[in-house]
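These notes concern the structure reproduced below.
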Amino acid sequence: MRLLYIIDPTAPMSVPQALLVAVTGIAVVLLELALLTLVIQLLSKAVRLFTGRKKNQPEEEFFIPPVQSAAPAAKPAGVPLPDGRSEGSLELENVDEPTAAVIMAIVSNESGIPLNRLSFKSIRLMQEKQK
Amino acid sequence: MIIDVLKGILVSSGFASLSWQNAVMILVSFVFLYLAIAKKFEPLLLVPIAFGMLLANMPETGLMADPAGLIYPEQAVEGAHWYNDGVLMLIYAGVKSSIFPCLIFMGIGAMTDFGPLLANPISLLLGAAAQLGIYVAFVIAIALGKIPWIGFTPSDAASIAIIGGADGPTAILVASKLAPDLLGPIALAAYSYMALIPLIQPPIMKALTTEKERKVEMKQLREVTKTEKIIFPIAVFVIVSLLLPDAAPLIGFLMLGNLFKECGVTDRLSDTAQNSLCNIVTIMLGTTVGATAAGDKFLQPTTLAIVALGLVAFAFSTAGGLLLGKLLYLVTGGKVNPLIGSAGVSAVPMAARVSQTEGRKYNSSNFLLMHAMGPNVAGVIGSAIAAGFLLLMFGD
């Protein structure tokens with residue numbers, strides 16, 4: 001049942017009564033916000049626990065590897081490289097290394113394939129034909 | 001004949017019915033306009049408030065007339081319709097019905113980043129302690145109520161005390177429900193003191209803290225995930241409104257606005273809430289609140305008492321936050337700078353800026369702003385809860 005008011009707002013109030021209301025009021029605010037503090041701490045822990053498990057994989061996906069201009073040592077086919085590097089040699093034509101790194105990261109992100117499972121052969125700048 | 005015409009014009013003009021109270025209030029509105037425009041004291045609010053005051057004190061304009069009895073049934077004239085009411089009185093219905101304060105809260109929610117609070121949840125306690133002034137002012141107002149020429153009722157005292165929450169919309173909501181006759185002076189005192197926070201708080205901060213405490217550098221806050229920021233407004237609303245349903249309108253709209261901001265799929269709504277809508281409502285709220293300051297109601301001894309009590313409330317709220325900050329300093333072994341406690345008085349972000357400025361005075365490499373933003377936004381929640389408590393106690 002909903003009360004219209006707890007204390008008659010027009011009736012005179014003594015100072016001790018007012019003190020009682022004041023102490024109750026500050027206690028209500030403190031308790032509610034203390035409860036919220038507790039709830040936030042629990043929620044944060046739960047969220048971080050939940051998202052923490054999923055976090056490692058996406059970080060690898062967004063790792064931008066250094067561009068390799070020389071061929072690395074041969075490795076068994078189909079085995080992903082452990083440190084997030086891509087396999088094979090890469091030929092750059094009119095493309096600088098930072099741009100190539102960005103392109104590889106975008107391809108990895110868009111395709112959903114980790115960079116250590118991708119092999120880039122060459123990246124070439126396609127010139128637009130002059131009309 | 002010409003003399004009769006001139007006489008008629010003069011008799012029906014405002015000059016003939018201009019009372020001394022109206023004249024004084026017109027001058028007061030000029031002072032507020034000067035403070036807002038020349039001194040930049042909360043201009044976004046003070047300009048509409050001061051102009052509303054000017055509008056309402058112009059005699060014979062009928063801008064705040066209520067023949068339909070929409071707001072004041074005792075003024076009702078038989079046969080009058082709602083559209084016979086003055087234009088400001090019609091807009092004032094948005095204040096009286098709590099629509100405007102709630103919409104302003106939605107805008108505040110859409111502008112607020114609760115990240116610092118989530119990164120350091122203990123800030124909520126500082127926001128709670130900084131509501132102390134509300135209750136101190138309430139007790140003093142009750143004590144002053146024994147003086148015959150003041151005579152505050154408990155609901156008047158509660159409305160005046162909420163000035164200590166340093167939150168304009170909250171003060172307006174509580175006053176419009178519990179003491180509509182005092183709305184003008186309460187709103188003006190609340191906004192004036194909020195503008196004066198950089199002058200009011202520093203002496204109290206200096207008096208209640210040691211130099212060693214003021215120099216404390218706080219650890220960098222952790223990064224808060226998007227998921228936490230999305231869950232937070234929903235969780236806060238559910239918990240607070242279940243515990244204290246009277247706080248639900250303010251907290252609900254505050255958290256709705258924040259959810260618009262954080263969920264990432266309602267950018268247009270968030271933009272509207274924090275810009276266009278908030279600005280439109282600010283114009284209507286400010287103008288009509290100013291218009292409640294009619295000379296015959298405003299120029300009373302009670303107004304002086306309200307102004308004095310508002311200052312007491314602000315001072316004690318600042319002290320409450322600082323004292324809990326000192327306690328946290330002791331409990332954590334000096335890891336919390338007590339200066340961030342004063343930011344718990346709401347008044348976002350001015351109170352947090354004062355903590356930052358004062359901290360830098362004693363340690364130039366200190367950066368307290370983000371740490372102070374936690375108690376600062378907690379103060380908004382705290383004052384809404386305090387308002388809910390007062391409405392539960394004395395509301396009808």
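Each chain of the structure tokens is named A, B, ... in the order shown, its residues numbered from 1; ligands are numbered from 1 in display order.
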When you get a sec, could you note down which chain A residues fall within 8 Å of chain B, using only C-alpha atoms, as number ranges by chain?
-> A: 4-15, 18-19, 22-23, 25-26, 28-30, 32-34, 36-38, 40-41, 43-44, 47-48
Neighbours of range 90-98 of chain A within 6 Å (only C-alpha atoms; same-chain residues fewer than 3 positions away dropped), as number ranges by chain?
-> A: 69, 101, 120-125
Keeping only C-alpha atoms, write those residues as a compact mmCIF listing (two decimals), in the first residue's frame.
```
# COMPACT_ATOMS: atom_id res chain seq x y z
CA SER A 69 60.60 -8.49 -46.68
CA ALA A 101 50.66 -3.41 -42.18
CA PHE A 120 50.27 -12.45 -47.94
CA LYS A 121 52.12 -12.84 -51.26
CA SER A 122 52.18 -9.24 -52.46
CA ILE A 123 50.54 -5.86 -51.95
CA ARG A 124 50.45 -3.63 -55.01
CA LEU A 125 49.18 -0.08 -55.54
```
Please identify all polymer residues within 10 Å of Val47 in chain B, counting only C-alpha atoms, omitting same-chain residues fewer than 3 positions from it, and present them as a PyMOL selection string.
-> chain B and resi 29-30+32-37+40-44+50-53+283+286-287+290
Please produce a file of those selected residues containing C-alpha atoms, as a PDB file, in the first residue's frame.
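Writing the result to part.pdb gives the following:
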```
ATOM      1  CA  SER B  29      15.986  41.015 -12.461  1.00  0.00           C
ATOM      2  CA  PHE B  30      18.321  43.640 -13.979  1.00  0.00           C
ATOM      3  CA  PHE B  32      20.616  39.014 -12.267  1.00  0.00           C
ATOM      4  CA  LEU B  33      20.790  39.795 -15.990  1.00  0.00           C
ATOM      5  CA  TYR B  34      23.963  41.769 -15.349  1.00  0.00           C
ATOM      6  CA  LEU B  35      25.487  38.907 -13.338  1.00  0.00           C
ATOM      7  CA  ALA B  36      24.576  36.389 -16.037  1.00  0.00           C
ATOM      8  CA  ILE B  37      25.678  38.415 -19.056  1.00  0.00           C
ATOM      9  CA  LYS B  40      28.872  34.883 -16.746  1.00  0.00           C
ATOM     10  CA  PHE B  41      27.285  33.423 -13.564  1.00  0.00           C
ATOM     11  CA  GLU B  42      25.404  30.331 -14.851  1.00  0.00           C
ATOM     12  CA  PRO B  43      24.206  32.369 -17.862  1.00  0.00           C
ATOM     13  CA  LEU B  44      22.289  29.522 -19.501  1.00  0.00           C
ATOM     14  CA  ALA B  50      15.996  36.773 -14.695  1.00  0.00           C
ATOM     15  CA  PHE B  51      13.929  37.512 -17.780  1.00  0.00           C
ATOM     16  CA  GLY B  52      11.068  35.376 -16.442  1.00  0.00           C
ATOM     17  CA  MET B  53      11.251  37.464 -13.275  1.00  0.00           C
ATOM     18  CA  ILE B 283      14.412  27.880 -21.646  1.00  0.00           C
ATOM     19  CA  GLY B 286      14.172  28.870 -16.370  1.00  0.00           C
ATOM     20  CA  THR B 287      11.659  31.406 -17.629  1.00  0.00           C
ATOM     21  CA  GLY B 290      11.804  33.145 -12.719  1.00  0.00           C
TER      22      GLY B 290
END
```
B:Asn258, B:Gln201, B:Asn57, B:Ser17: which is nearest Ala293 in chain B, counting only C-alpha atoms?
->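 Closest candidate: B:Asn57.
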Atom-to-atom span, CA of Val380 in chain B and CA of Ala347 in chain B, Å | 7.8 Å
Kindly indicate which residue among B:Ile49, B:Val336, B:Met370, B:Val307 lies nearest to Arg214 in chain B, using only C-alpha atoms for the distances.
->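 Between B:Ile49, B:Val336, B:Met370, B:Val307, the residue approaching Arg214 in chain B most closely is B:Val336.
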